Each structure stands twice: as C-alpha cells, then as structure tokens.
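To start, the structure itself, in structure tokens.
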Amino acid sequence: MLKIRSYALVIFLAGLALGYFALVNFVNPAWFLGATQYRLGLDLQGGSHLVYIADVSVLDSSEVRDSMEGLRDVIERRVNAFGVTEPIVQVQRSGGEERLIVELAGVFNIDDAVRLIGQTPYLDFRTERPESERNAILEAQQKGERLTEDPYFLATALTGRFLQKSALDFDSSTGEPIVLLEFNDEGGKLFAEMTGQNIGKRIAIYLDGQPISVPVVQQEIASGRAQITGQFQPDEAKTLVRRLNSGALPVPIELISQQSVGPTLGREAYDRGLLAGIYGILAVSVFLLLRYRLPGLVAVLSIGFYVVLILTIFKLLPVTLTAAGIAGFLLSVGMAVDANILIFERMREEVRWGRDLESALGEGFRRAWPSIRDSNISTLITASILYWFSTSIVRGFALTLGLGVLSSIFSALVVSRTFLLAAGLRHLKSAPLFYGVAAHKE
Amino acid sequence: MFVIKHRVFFYILTLALLAASFISIFIFGLKPGIDFTGGSILEIEYASQRPDLKALEERFSLLGYADSRFQPTEENGLIIRLHSLSEEEHRIVLRVLAEGGESAEVLVEKRFDSVGPTIGQELRRKAFTAILLVIFLILIFISWAFRKVSRPVSSWKYGVVAILALIHDIIIPAGLFAFLGRFYGAEIDSLFITALLTILGFSVHDTIVVFDRIRENLRKAAGPEDFENIVGKSLDETMGRSLATSFALFLVLSALFWFGASVTRYFALTLLVGVVAGTYSSIFLASPLIVSWQKWRD
C-alpha cells in the first residue's frame with residue numbers, strides 16, 4: 001500500500017510541476033519560466049498564409065529540388081529582412097506542382113510583403129532562334145497559333161539561379177552605368193557554352209519577362225562574368241543591382257492562394273478558445289463527480305493530469321495551436337474521459353455482480369483495456385489521414401487529436417489506476433456512497 | 001433488449017431521419033466554400049456606419065465584379081464574397097469599400113482569404129479520397145479486430161455493419177448542414193470535412209465498445225444461447241457507458257459551440273450532431289442490424 005501511495009504522490013507532484021510549466025505564462029510572466037509561450041497559429045495571433053506556385057517547366061527533373069530549395073532560401077532572406085518574427089517558408093510538392101508556402105505571423109497588411117516577395121526579380125538568358133524556326137513561328141502566329149512562343153529568342157537553362165553576385169560599374173570611356181554579373185561555377189560553364197555556340201549572334205538578357213539587353217556575342221566568355229550595358233540611368237542600374245543581389249529568383253512564382261487573419265479576429269479566437277476550454281473541462285469534471293463520486297474525483301485528477309501533460313507537450317515540441325487545434329484538444333479531453341468511464345462502468349458492473357471493490361477495480365481495468373485500445377486505434381487512423389489531408393488548419397487539429405489520444409491512454413491506465421489503488425479500497429469495501437454503486441449479493 | 005426486440009421500429013425511425021437528410025441535401029444542396037470552389041472572402045468592420053449595400057453593389061458591378069455577394073453581420077460588419085483577387089484587386093476593393101475615405105480609418109479588415117481555382121479542385125479531390133480511405137481502413141480494422149469471433153456471424157459482417165452506421169452518421173450532419181447552408185449561409189469548408197472524418201473516428205469508437213461486449217459475451221456463452229439475447233444483453237450492459245461518454249463529449253463540444261471562436265462554431269455544431277448520431281447508430285442501428293443479418297442468413 002505504501003508503494004502505491006508513493007507512486008500516487010509522485011504522479012501528483014509531477015502533475016503539479018507540469019501544471020506549473022504549462023500555465024505559468026497565463027498567471028504571471030515575471031515568474032520563473034513565465035516567459036515560455038505557446039506557439040500560436042495564424043488564426044489565433046493574426047497573420048498571413050500565402051501559397052505560391054513555381055514554374056519549373058524549363059528545368060530538368062533532377063534540378064527541381066535544388067531550385068526549389070534555392071527559391072526557398074531567397075524568399076526567406078527577403079521575408080526576414082522585412083522584420084517578421086518567425087516566418088515560415090516551406091517547399092511543398094502537391095498535385096504534381098511545386099509550391100512555396102509562406103507564413104507571416106503577425107503581418108496582416110501583406111500588401112508590402114506580397115509586393116516584396118512577388119517582385120524578387122527573375123533573370124534569364126535567351127539565345128537567338130535559327131531563322132527557319134523564327135519564320136515558322138511567325139507564320140503560325142499570323143494564323144493565331146503559337147502565340148505564347150517568342151519567335152526571336154529561345155529560353156535556355158541559364159537563369160538567375162546561377163548568379164553569384166551583381167555589381168554596379170561605370171564604363172571607363174562613356175561614364176555610363178553598367179551592371180556587372182558574376183556567375184557561380186556551374187553558371188560560368190553554362191555561360192561559356194552559350195557564348196561559345198553563339199558567336200556573332202545575339203543573346204537576350206530578360207528580367208521579369210522583359211528583355212533589358214540584347215548584346216551580340218563577340219567571343220566565348222569563359223570567365224563567368226557578363227556585363228549589361230546600355231541606356232541605364234544610374235538610379236535604375238543601382239536598383240537593378242540591388243534587386244539582383246538580394247536574390248534573383250531561381251524560378252518564377254505566382255500567388256495562387258492567400259489567407260489573412262486580422263489581429264482582432266485572431267485575438268478573439270484565442271480568448272474564446274481559452275474560455276471554451278476552461279468551461280468544457282469544468283463541465284465534464286462536475287459530471288464525473290456527480291456520477292461516479294470517489295472514482296469520479298480520481299477521474300477528475302486524472303483528466304487534470306492529462307490536460308497539463310498535453311499542454312506541456314504542446315509547449316515543448318512545440319505544437320502550433322490553431323482554433324481547430326483547440327477543438328481537437330477539447331475532443332481529446334472528451335475521449336480521455338471516455339477511457340475512464342469505460343473502466344468505471346466496468347467496475348460498477350463487477351460490483352453489481354458481487355465482486356468486492358478491490359478485485360472489481362482490477363477486473364475493470366483488465367476488461368476495459370481491449371475496448372480502450374481498439375476504439376482509440378480508430379481515432380488514430382482518422383487523425384493520421386487528417387494529417388495527410390495537409391492544409392495547416394486541418395493538420396493542427398489532427399496533431400492535437402492524435403497526441404491527445406495517445407496521452408489519454410497513458411493517463412487513464414497509469415494515473416487513474418494508481419490514484420484509485422492508492423485511495424485504499426480495502427478499507428472502504430462497503431462504502432457505496434463513495435463509489436456511486438450499490439452492491440448486490442446475488 | 002428492448003432495442004433489439006423493437007428493432008423494426010428503430011429501423012423505420014432511422015430510415016425516416018436518413019430520408020429527411022437526403023431530402024435536405026437534395027433540395028437545399030451543399031454549399032461549397034471557397035476552399036473548394038476558389039474565390040475570395042473579405043470580412044470588414046466599419047468604424048462608424050455601414051454604407052448602403054445597394055450603392056456598394058452598384059459600384060462593384062461597375063468594376064466588373066458583378067458576381068460579388070454581400071452579407072451584413074452584427075452592427076457594422078460586412079462579409080464580401082467574390083472571385084479570387086490579386087493583391088492589386090484586393091487594394092482596389094478596399095478602396096471602393098471605404099467609399100473614398102482613407103481605408104485605414106473608415107474600416108478595419110478582419111480577414112481576407114483568396115483561393116485560386118486549382119487549389120480548390122485539389123482540396124475537393126483530397127477530401128473525397130480521405131473519406132473513402134478512412135472508411136476503408138476502418139472496415140479492415142474492425143474485421144481484423146473481430147476476426148476471432150466468426151461464430152455465428154463472420155467477422156467481416158461486423159465491419160460492414162459498422163460502416164453502414166458510419167455512413168448514417170455523416171449523412172445526418174450533412175443534411176443538417178444543407179439546411180443551415182440554405183438559411184444561414186453555412187458553407188462546406190475543410191473544417192466541415194474534418195468534422196465528418198472525426199465523426200467517423202468517434203462513431204467507430206463507440207460501435208466498437210458495443211461489439212466488444214458482444215464478443216466477450218459470445219465467448220462466455222456456455223451453450224448455444226440465442227444470438228439475439230446475447231446482443232440484447234450486451235447492449236443493456238454497455239448502454240450506461242455509451243450514454244455517459246456521449247454526454248461527456250456533448251458537454252465539451254457544447255462549450256466549444258457556445259464559448260468558442262466563431263470560426264469553429266459550425267465545426268463544433270457538426271461534431272455535436274455527429275456525436276449524437278454516432279451514439280444513436282451504435283445503440284439503435286449497428287447492433288440490431290447484426291442480429292437481423294444473422295436471422296436473415298438463417
């Protein structure tokens with residue numbers, strides 16, 4: 001008995017410790033560990049969720065991953081420069097498309113952010129088409145076909161992806177501003193190839209789909225350096241150099257979806273979610289106490305332990321909380337209660353059939369376990385599929401539900417059991433008042 | 001026992017509820033939200049007075065946005081739904097809504113969602129797949145979990161009956177949602193699909209507890225006790241637990257519905273209806289069906 005009681009004490013103290021960690025930031029941020037925060041999703045703190053689609057049509061399939069990573073880095077640099085706390089920039093492959101997800105917490109007026117992201121320049125080099133091809137396309141375009149193709153220039157693999165640096169310079173003789181480009185090794189090789197194969201012909205340098213320079217190739221350029229000359233105002237040249245340096249986009253992108261939640265709405269969702277949580281847990285606790293008396297008290301303690309355990313997990317991992325996530329958490333509280341109910345109802349039954357309370361407890365746990373196991377597996381199946389379902393809102397729900405189910409099994413089996421055993425049944429074997437059951441001997 | 005004896009009555013009741021739901025879905029239709037159709041939704045609140053809606057509608061038509069729909073909320077709030085907007089268009093819309101005033105002063109933008117059509121389609125496909133997948137996996141799981149109880153009813157039949165109960169459990173909330181969609185503008189979005197999938201998970205949870213008890217009683221049954229009696233007895237024994245659990249979930253979800261955030265309100269409602277339907281189907285549908293099936297087989 002002492003052993004069980006000491007286990008119970010350990011669990012109780014652990015619960016208090018977890019509870020402190022989980023809730024201290026609500027009580028007083030000045031206290032020890034009070035600075036730890038929960039990570040809130042966009043719909044609870046306000047912010048924007050942007051989805052871009054990347055056009056990887058000109059790339060080899062082997063290069064796609066690198067390019068997408070490069071794209072991610074560039075955008076992240078840009079977004080960081082914007083001063084957003086904890087931006088999330090992720091690559092996502094969906095439905096055969098390459099996508100970029102950008103989440104900006106706390107940034108609601110995304111005009112500027114979107115402009116910033118969208119405007120990152122896309123640089124690419126194109127070679128001149130042979131005359132026969134050019135004429136063929138021009139003819140077709142007269143007939144209204146092949147209108148999207150450029151009859152004069154052909155896109156190549158050389159894009160801003162390979163650009164290492166860009167600098168401003170001035171022509172020594174004319175004093176006109178020039179933009180210098182320096183490629184990385186791979187880019188240098190591509191450039192050498194391109195110039196080598198097109199001596200005497202023109203190469204077009206396109207920026208964001210517009211040609212900004214169309215020089216004639218004099219010789220093969222193996223140095224990996226190029227110049228863009230002609231008709232730049234010093235300001236224009238400076239801006240271009242700056243934009244190119246802050247990251248030429250490896251691939252062009254287009255915004256296909258955005259979701260923004262304002263701070264007031266976010267705040268409201270957060271406050272109300274908290275309120276709903278408190279009321280829900282309270283209501284359930286009252287119900288348990290009324291129906292099951294002493295075991296009900298044990299259940300309430302067990303649920304309490306479960307709640308602080310799961311909150312601690314949320315804080316530590318961390319798990320991003322969303323409005324749907326709060327719903328998932330509440331649902332899992334309901335299911336945690338269910339595990340306890342299964343055990344207690346079983347206990348009641350055993351007592352009604354004539355068992356003494358102590359072995360009824362043992363039987364209750366033993367017999368209820370298959371039900372608990374099987375029914376929670378089905379919820380886990382659902383949570384896994386929901387997780388795959390993949391929008392961040394739904395994912396938040398699936399994660400909290402799944403974690404909740406796992407933790408609730410633990411709390412019901414370990415915590416409830418320990419507390420109940422520790423409550424000292426042997427001495428109370430004829431106290432139906434405490435257990436809410438009437439024992440008949442048949 | 002009562003339930004099993006009068007199962008025909010409950011079958012009729014179930015069919016009536018299902019019919020009502022089907023009719024609701026058929027007549028009112030399920031309104032897909034922008035998650036699935038693409039489009040944009042803008043929610044704003046005016047600092048002082050909400051302008052005349054007719055005037056706004058006219059101005060939007062002039063812009064070429066004749067497909068815009070306006071829904072006033074509360075005192076000075078407004079929800080505008082239209083096709084998906086680029087950032088430029090978004091700014092223009094805000095300016096029009098501010099009616100010439102400085103938009104930052106005249107109104108507060110509470111939220112803005114714009115979804116392109118491709119994402120919508122993809123989500124639709126995923127939702128469909130997810131539902132089918134969950135149903136399928138659960139079917140397999142139940143058949144496996146009950147593989148050792150093949151007498152007198154083979155284990156896969158438990159699975160099928162559970163699935164039928166599940167289907168009932170998602171049709172009822174869907175029917176309600178169709179009704180809400182018609183009269184309150186409720187829309188099918190990813191949260192609704194999530195609610196359905198969650199209901200599937202919970203309902204099975206509930207049904208398994210009953211089946212589990214049947215399994216146990218079958219094992220205990222010494223002689224060839226009547227299957228119908230065993231099921232009836234099992235139901236009586238588990239009824240307390242089923243109702244208690246459902247009530248607990250009902251409490252929790254009600255708290256979410258009444259006190260929770262507005263974005264999860266319909267979500268909570270769907271789950272509530274689903275939980276009730278799930279409990280109903282485990283007690284009044286699944287178990288009687290097993291009995292009927294076995295009787296019919298004989």
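For the structure tokens, the naming scheme is as follows: chains receive sequential letters (A, B, ...) according to their order of presentation, residues are indexed from 1 within each chain, and ligands are indexed from 1 in presentation order.
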Requested in this report: Just need the residues of chain B within 6 Å of chain A, counting only C-alpha atoms, so spit them out as an MDAnalysis selection string.
Outcome: chainID B and resid 110:116 201 205 209 245 248:249 252 255:256 259:261
Give me a file of those residues, with all heavy atoms, as a compact mmCIF listing (two decimals), in the first residue's frame.
```txt
# COMPACT_ATOMS: atom_id res chain seq x y z
N LYS B 110 -10.89 42.48 -41.06
CA LYS B 110 -10.72 41.42 -40.07
C LYS B 110 -10.06 40.20 -40.67
O LYS B 110 -9.25 39.54 -40.04
CB LYS B 110 -12.07 41.05 -39.46
CG LYS B 110 -12.62 42.15 -38.60
CD LYS B 110 -14.02 41.82 -38.14
CE LYS B 110 -13.98 41.21 -36.75
NZ LYS B 110 -15.36 41.06 -36.22
N ARG B 111 -10.47 39.87 -41.88
CA ARG B 111 -9.76 38.78 -42.52
C ARG B 111 -9.99 38.81 -44.02
O ARG B 111 -10.94 39.40 -44.50
CB ARG B 111 -10.18 37.45 -41.92
CG ARG B 111 -11.33 36.76 -42.59
CD ARG B 111 -11.73 35.49 -41.89
NE ARG B 111 -13.16 35.41 -41.87
CZ ARG B 111 -13.88 34.54 -42.56
NH1 ARG B 111 -13.28 33.64 -43.29
NH2 ARG B 111 -15.19 34.56 -42.52
N PHE B 112 -9.07 38.17 -44.72
CA PHE B 112 -9.13 38.12 -46.17
C PHE B 112 -8.57 36.80 -46.65
O PHE B 112 -7.43 36.45 -46.36
CB PHE B 112 -8.32 39.29 -46.76
CG PHE B 112 -8.17 39.20 -48.25
CD1 PHE B 112 -9.28 39.22 -49.07
CD2 PHE B 112 -6.92 39.08 -48.83
CE1 PHE B 112 -9.16 39.13 -50.45
CE2 PHE B 112 -6.78 39.00 -50.21
CZ PHE B 112 -7.89 39.02 -51.01
N ASP B 113 -9.37 36.04 -47.37
CA ASP B 113 -8.91 34.79 -47.95
C ASP B 113 -9.12 34.82 -49.44
O ASP B 113 -10.20 35.19 -49.90
CB ASP B 113 -9.71 33.60 -47.40
CG ASP B 113 -9.45 33.37 -45.94
OD1 ASP B 113 -8.50 33.94 -45.40
OD2 ASP B 113 -10.24 32.62 -45.34
N SER B 114 -8.11 34.42 -50.19
CA SER B 114 -8.30 34.32 -51.62
C SER B 114 -7.71 33.01 -52.09
O SER B 114 -6.54 32.73 -51.84
CB SER B 114 -7.61 35.49 -52.32
OG SER B 114 -7.70 35.33 -53.72
N VAL B 115 -8.51 32.20 -52.72
CA VAL B 115 -8.06 30.88 -53.12
C VAL B 115 -8.22 30.72 -54.62
O VAL B 115 -9.29 30.94 -55.16
CB VAL B 115 -8.88 29.78 -52.41
CG1 VAL B 115 -8.45 28.41 -52.89
CG2 VAL B 115 -8.73 29.90 -50.92
N GLY B 116 -7.12 30.34 -55.29
CA GLY B 116 -7.20 30.12 -56.72
C GLY B 116 -7.94 28.82 -57.02
O GLY B 116 -8.06 27.97 -56.17
N GLY B 201 -14.30 8.62 -36.98
CA GLY B 201 -13.42 8.02 -35.98
C GLY B 201 -14.14 7.78 -34.67
O GLY B 201 -14.03 6.70 -34.08
N HIS B 205 -15.42 4.21 -32.67
CA HIS B 205 -15.02 4.10 -31.28
C HIS B 205 -16.19 3.58 -30.45
O HIS B 205 -16.11 2.62 -29.71
CB HIS B 205 -14.60 5.51 -30.87
CG HIS B 205 -14.16 5.72 -29.49
ND1 HIS B 205 -12.86 6.00 -29.17
CD2 HIS B 205 -14.85 5.76 -28.34
CE1 HIS B 205 -12.77 6.20 -27.88
NE2 HIS B 205 -13.96 6.07 -27.34
N VAL B 209 -17.09 -0.45 -28.87
CA VAL B 209 -17.32 -0.80 -27.47
C VAL B 209 -18.47 -1.79 -27.35
O VAL B 209 -18.41 -2.76 -26.60
CB VAL B 209 -17.59 0.47 -26.64
CG1 VAL B 209 -18.04 0.10 -25.25
CG2 VAL B 209 -16.34 1.32 -26.57
N THR B 245 -20.32 8.52 -21.98
CA THR B 245 -19.28 9.09 -22.84
C THR B 245 -19.84 10.13 -23.79
O THR B 245 -19.28 11.20 -23.97
CB THR B 245 -18.61 7.99 -23.68
OG1 THR B 245 -18.00 7.08 -22.81
CG2 THR B 245 -17.59 8.59 -24.60
N ALA B 248 -20.41 13.26 -22.02
CA ALA B 248 -19.17 14.00 -21.76
C ALA B 248 -18.74 14.76 -23.00
O ALA B 248 -18.41 15.95 -22.95
CB ALA B 248 -18.08 13.03 -21.30
N LEU B 249 -18.75 14.07 -24.14
CA LEU B 249 -18.37 14.74 -25.38
C LEU B 249 -19.35 15.87 -25.69
O LEU B 249 -18.96 16.94 -26.17
CB LEU B 249 -18.36 13.74 -26.54
CG LEU B 249 -17.09 12.94 -26.65
CD1 LEU B 249 -17.24 11.84 -27.68
CD2 LEU B 249 -15.93 13.84 -27.04
N VAL B 252 -18.39 18.90 -23.68
CA VAL B 252 -17.19 19.54 -24.19
C VAL B 252 -17.47 20.30 -25.49
O VAL B 252 -17.07 21.45 -25.67
CB VAL B 252 -16.10 18.46 -24.41
CG1 VAL B 252 -15.11 18.90 -25.41
CG2 VAL B 252 -15.43 18.15 -23.11
N ALA B 255 -19.52 23.44 -24.97
CA ALA B 255 -18.68 24.56 -24.51
C ALA B 255 -18.01 25.22 -25.70
O ALA B 255 -17.97 26.45 -25.82
CB ALA B 255 -17.63 24.05 -23.52
N LEU B 256 -17.52 24.39 -26.62
CA LEU B 256 -16.87 24.93 -27.81
C LEU B 256 -17.85 25.73 -28.66
O LEU B 256 -17.53 26.79 -29.18
CB LEU B 256 -16.28 23.78 -28.64
CG LEU B 256 -15.34 24.19 -29.76
CD1 LEU B 256 -14.14 24.89 -29.21
CD2 LEU B 256 -14.92 22.98 -30.57
N PHE B 259 -19.01 29.00 -26.37
CA PHE B 259 -18.00 29.94 -25.91
C PHE B 259 -16.80 30.06 -26.84
O PHE B 259 -15.97 30.92 -26.67
CB PHE B 259 -17.49 29.52 -24.52
CG PHE B 259 -18.57 29.44 -23.50
CD1 PHE B 259 -19.01 28.20 -23.03
CD2 PHE B 259 -19.19 30.58 -23.04
CE1 PHE B 259 -20.03 28.12 -22.11
CE2 PHE B 259 -20.20 30.51 -22.11
CZ PHE B 259 -20.63 29.28 -21.64
N GLY B 260 -16.71 29.14 -27.79
CA GLY B 260 -15.51 29.11 -28.62
C GLY B 260 -15.51 30.17 -29.72
O GLY B 260 -16.45 30.93 -29.90
N ALA B 261 -14.43 30.17 -30.46
CA ALA B 261 -14.25 31.15 -31.53
C ALA B 261 -15.29 30.98 -32.62
O ALA B 261 -15.80 29.88 -32.84
CB ALA B 261 -12.85 30.99 -32.12
```
Requested in this report: List the neighbours of B:Ile171 out to 12 Å using only C-alpha atoms; skip same-chain residues closer than 2 positions along the sequence, and give me the result as a ChimeraX atom specification.
Outcome: /B:14-15,17-26,30,164-169,173-178,196-197,199-200,270,273-274,277-278,281
Could you please take those selected residues and save N, CA and C atoms as an mmCIF file, in the first residue's frame?
```
data_model
loop_
_atom_site.group_PDB
_atom_site.id
_atom_site.type_symbol
_atom_site.label_atom_id
_atom_site.label_comp_id
_atom_site.auth_asym_id
_atom_site.auth_seq_id
_atom_site.Cartn_x
_atom_site.Cartn_y
_atom_site.Cartn_z
ATOM 1 N N THR B 14 -34.776 5.318 -38.149
ATOM 2 C CA THR B 14 -33.515 5.636 -38.814
ATOM 3 C C THR B 14 -33.745 6.007 -40.269
ATOM 4 N N LEU B 15 -34.566 5.196 -40.949
ATOM 5 C CA LEU B 15 -34.825 5.486 -42.356
ATOM 6 C C LEU B 15 -35.475 6.854 -42.519
ATOM 7 N N LEU B 17 -35.091 9.474 -40.569
ATOM 8 C CA LEU B 17 -34.067 10.506 -40.396
ATOM 9 C C LEU B 17 -33.177 10.600 -41.630
ATOM 10 N N LEU B 18 -32.796 9.435 -42.145
ATOM 11 C CA LEU B 18 -31.952 9.438 -43.336
ATOM 12 C C LEU B 18 -32.675 10.086 -44.509
ATOM 13 N N ALA B 19 -33.956 9.730 -44.648
ATOM 14 C CA ALA B 19 -34.717 10.304 -45.755
ATOM 15 C C ALA B 19 -34.763 11.821 -45.629
ATOM 16 N N ALA B 20 -35.018 12.283 -44.391
ATOM 17 C CA ALA B 20 -35.073 13.730 -44.193
ATOM 18 C C ALA B 20 -33.757 14.376 -44.589
ATOM 19 N N SER B 21 -32.651 13.729 -44.207
ATOM 20 C CA SER B 21 -31.341 14.292 -44.550
ATOM 21 C C SER B 21 -31.126 14.304 -46.049
ATOM 22 N N PHE B 22 -31.475 13.191 -46.696
ATOM 23 C CA PHE B 22 -31.295 13.140 -48.146
ATOM 24 C C PHE B 22 -32.111 14.226 -48.830
ATOM 25 N N ILE B 23 -33.351 14.361 -48.374
ATOM 26 C CA ILE B 23 -34.200 15.386 -48.971
ATOM 27 C C ILE B 23 -33.582 16.758 -48.769
ATOM 28 N N SER B 24 -33.092 16.974 -47.566
ATOM 29 C CA SER B 24 -32.464 18.256 -47.282
ATOM 30 C C SER B 24 -31.308 18.512 -48.224
ATOM 31 N N ILE B 25 -30.449 17.506 -48.383
ATOM 32 C CA ILE B 25 -29.288 17.669 -49.261
ATOM 33 C C ILE B 25 -29.743 17.893 -50.696
ATOM 34 N N PHE B 26 -30.773 17.153 -51.069
ATOM 35 C CA PHE B 26 -31.239 17.246 -52.441
ATOM 36 C C PHE B 26 -31.842 18.613 -52.733
ATOM 37 N N LEU B 30 -25.540 21.270 -50.960
ATOM 38 C CA LEU B 30 -24.460 21.587 -50.048
ATOM 39 C C LEU B 30 -23.645 22.731 -50.639
ATOM 40 N N LEU B 164 -21.982 0.811 -42.266
ATOM 41 C CA LEU B 164 -23.319 1.348 -42.530
ATOM 42 C C LEU B 164 -23.688 2.376 -41.466
ATOM 43 N N ALA B 165 -23.349 2.043 -40.216
ATOM 44 C CA ALA B 165 -23.624 3.007 -39.136
ATOM 45 C C ALA B 165 -22.855 4.294 -39.377
ATOM 46 N N LEU B 166 -21.605 4.165 -39.819
ATOM 47 C CA LEU B 166 -20.786 5.343 -40.092
ATOM 48 C C LEU B 166 -21.409 6.226 -41.164
ATOM 49 N N ILE B 167 -21.841 5.588 -42.216
ATOM 50 C CA ILE B 167 -22.420 6.354 -43.312
ATOM 51 C C ILE B 167 -23.644 7.109 -42.815
ATOM 52 N N HIS B 168 -24.434 6.436 -42.004
ATOM 53 C CA HIS B 168 -25.570 7.125 -41.384
ATOM 54 C C HIS B 168 -25.085 8.333 -40.602
ATOM 55 N N ASP B 169 -23.977 8.156 -39.886
ATOM 56 C CA ASP B 169 -23.501 9.217 -39.018
ATOM 57 C C ASP B 169 -22.992 10.427 -39.747
ATOM 58 N N PRO B 173 -25.426 14.787 -40.230
ATOM 59 C CA PRO B 173 -24.870 16.143 -40.151
ATOM 60 C C PRO B 173 -24.845 16.853 -41.499
ATOM 61 N N ALA B 174 -24.592 16.094 -42.566
ATOM 62 C CA ALA B 174 -24.570 16.723 -43.882
ATOM 63 C C ALA B 174 -25.942 17.290 -44.218
ATOM 64 N N GLY B 175 -26.982 16.518 -43.865
ATOM 65 C CA GLY B 175 -28.329 17.002 -44.105
ATOM 66 C C GLY B 175 -28.603 18.280 -43.335
ATOM 67 N N LEU B 176 -28.188 18.280 -42.076
ATOM 68 C CA LEU B 176 -28.366 19.495 -41.271
ATOM 69 C C LEU B 176 -27.623 20.656 -41.890
ATOM 70 N N PHE B 177 -26.417 20.387 -42.371
ATOM 71 C CA PHE B 177 -25.604 21.441 -42.938
ATOM 72 C C PHE B 177 -26.228 22.014 -44.201
ATOM 73 N N ALA B 178 -26.866 21.129 -44.973
ATOM 74 C CA ALA B 178 -27.525 21.630 -46.176
ATOM 75 C C ALA B 178 -28.617 22.625 -45.784
ATOM 76 N N LEU B 196 -16.464 15.706 -40.368
ATOM 77 C CA LEU B 196 -17.002 14.424 -40.822
ATOM 78 C C LEU B 196 -16.034 13.291 -40.521
ATOM 79 N N LEU B 197 -14.769 13.519 -40.841
ATOM 80 C CA LEU B 197 -13.793 12.464 -40.617
ATOM 81 C C LEU B 197 -13.661 12.153 -39.135
ATOM 82 N N ILE B 199 -16.012 12.493 -36.911
ATOM 83 C CA ILE B 199 -17.214 11.746 -36.538
ATOM 84 C C ILE B 199 -17.037 10.281 -36.888
ATOM 85 N N LEU B 200 -16.449 10.029 -38.053
ATOM 86 C CA LEU B 200 -16.210 8.649 -38.446
ATOM 87 C C LEU B 200 -15.380 7.942 -37.383
ATOM 88 N N THR B 270 -21.362 20.691 -36.078
ATOM 89 C CA THR B 270 -21.311 19.459 -36.871
ATOM 90 C C THR B 270 -20.868 18.293 -36.005
ATOM 91 N N VAL B 273 -23.726 17.202 -33.596
ATOM 92 C CA VAL B 273 -24.741 16.386 -34.258
ATOM 93 C C VAL B 273 -24.180 15.012 -34.581
ATOM 94 N N GLY B 274 -22.919 14.998 -35.002
ATOM 95 C CA GLY B 274 -22.287 13.732 -35.333
ATOM 96 C C GLY B 274 -22.167 12.822 -34.125
ATOM 97 N N ALA B 277 -25.583 11.484 -33.372
ATOM 98 C CA ALA B 277 -25.924 10.482 -34.389
ATOM 99 C C ALA B 277 -25.107 9.217 -34.188
ATOM 100 N N GLY B 278 -23.830 9.391 -33.828
ATOM 101 C CA GLY B 278 -22.959 8.250 -33.637
ATOM 102 C C GLY B 278 -23.426 7.370 -32.492
ATOM 103 N N SER B 281 -26.538 5.578 -33.589
ATOM 104 C CA SER B 281 -26.327 4.486 -34.539
ATOM 105 C C SER B 281 -25.678 3.286 -33.885
#
```
Contacts of B:Pro32 within 9 Å, only C-alpha atoms, excl. fewer than 2 positions in-chain, as a PDB file with N, CA, C and O atoms, in the first residue's frame:
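Saved result, selection_35.pdb, follows:
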```pdb
ATOM      1  N   LEU B  30     -25.540  21.270 -50.960  1.00  0.00           N
ATOM      2  CA  LEU B  30     -24.460  21.587 -50.048  1.00  0.00           C
ATOM      3  C   LEU B  30     -23.645  22.731 -50.639  1.00  0.00           C
ATOM      4  O   LEU B  30     -23.140  22.626 -51.743  1.00  0.00           O
ATOM      5  N   ILE B  34     -15.121  28.666 -50.312  1.00  0.00           N
ATOM      6  CA  ILE B  34     -14.068  28.995 -51.275  1.00  0.00           C
ATOM      7  C   ILE B  34     -12.907  28.010 -51.205  1.00  0.00           C
ATOM      8  O   ILE B  34     -12.136  27.899 -52.143  1.00  0.00           O
ATOM      9  N   ASP B  35     -12.813  27.283 -50.096  1.00  0.00           N
ATOM     10  CA  ASP B  35     -11.778  26.255 -50.029  1.00  0.00           C
ATOM     11  C   ASP B  35     -11.886  25.328 -51.217  1.00  0.00           C
ATOM     12  O   ASP B  35     -10.902  24.787 -51.696  1.00  0.00           O
ATOM     13  N   PHE B  36     -13.109  25.067 -51.636  1.00  0.00           N
ATOM     14  CA  PHE B  36     -13.326  24.080 -52.688  1.00  0.00           C
ATOM     15  C   PHE B  36     -13.641  24.662 -54.047  1.00  0.00           C
ATOM     16  O   PHE B  36     -13.464  24.017 -55.071  1.00  0.00           O
ATOM     17  N   THR B  37     -14.145  25.873 -54.073  1.00  0.00           N
ATOM     18  CA  THR B  37     -14.503  26.439 -55.377  1.00  0.00           C
ATOM     19  C   THR B  37     -13.500  27.468 -55.843  1.00  0.00           C
ATOM     20  O   THR B  37     -13.498  27.875 -56.986  1.00  0.00           O
ATOM     21  N   ALA B 186     -24.313  28.717 -44.171  1.00  0.00           N
ATOM     22  CA  ALA B 186     -23.189  27.883 -43.749  1.00  0.00           C
ATOM     23  C   ALA B 186     -22.544  27.225 -44.961  1.00  0.00           C
ATOM     24  O   ALA B 186     -23.231  26.751 -45.861  1.00  0.00           O
ATOM     25  N   GLU B 187     -21.226  27.192 -44.990  1.00  0.00           N
ATOM     26  CA  GLU B 187     -20.536  26.659 -46.161  1.00  0.00           C
ATOM     27  C   GLU B 187     -19.700  25.440 -45.822  1.00  0.00           C
ATOM     28  O   GLU B 187     -19.169  25.337 -44.730  1.00  0.00           O
ATOM     29  N   ILE B 188     -19.591  24.562 -46.807  1.00  0.00           N
ATOM     30  CA  ILE B 188     -18.730  23.397 -46.660  1.00  0.00           C
ATOM     31  C   ILE B 188     -17.291  23.848 -46.854  1.00  0.00           C
ATOM     32  O   ILE B 188     -16.923  24.330 -47.910  1.00  0.00           O
ATOM     33  N   ASP B 189     -16.482  23.701 -45.824  1.00  0.00           N
ATOM     34  CA  ASP B 189     -15.072  24.025 -45.995  1.00  0.00           C
ATOM     35  C   ASP B 189     -14.235  22.882 -45.429  1.00  0.00           C
ATOM     36  O   ASP B 189     -14.779  21.859 -45.041  1.00  0.00           O
TER      37      ASP B 189
END
```
Query - Surrounding residues of A:Arg134 excluding itself and chain neighbours under 4 positions, 9 Å, only C-alpha atoms, as a list in words - result: Glu128, Arg129, Pro130, Leu138, Glu139, Asp150, Pro151, Tyr152 and Phe153 of chain A
Query raised in the report: Tell me, which residues of stretch 187-344 of chain A carry DSSP strand (DSSP E), written as a ChimeraX atom specification?
Result: /A:203-207,210-213,225-228,253-261
Requested in this report: Please give the complete set of residues from stretch 173-238 of chain B that DSSP, run on the backbone, assigns to helix (DSSP H, G or I), formatted as JSON, numbers by chain.
Outcome: {"B": [173, 174, 175, 176, 177, 178, 179, 180, 181, 182, 183, 184, 190, 191, 192, 193, 194, 195, 196, 197, 198, 199, 200, 201, 202, 203, 204, 205, 206, 207, 208, 209, 210, 211, 212, 213, 214, 215, 216, 217, 218, 219, 220, 227, 228, 229, 230, 231, 232, 233, 234, 235, 236, 237, 238]}
Query raised in the report: Excluding same-chain residues fewer than 3 positions from A:Asp66, what lies within 12 Å of it counting only C-alpha atoms, as an NGL selection string?
Result: :A and (56 or 59-63 or 69-73 or 91 or 98 or 161-162 or 250-251)
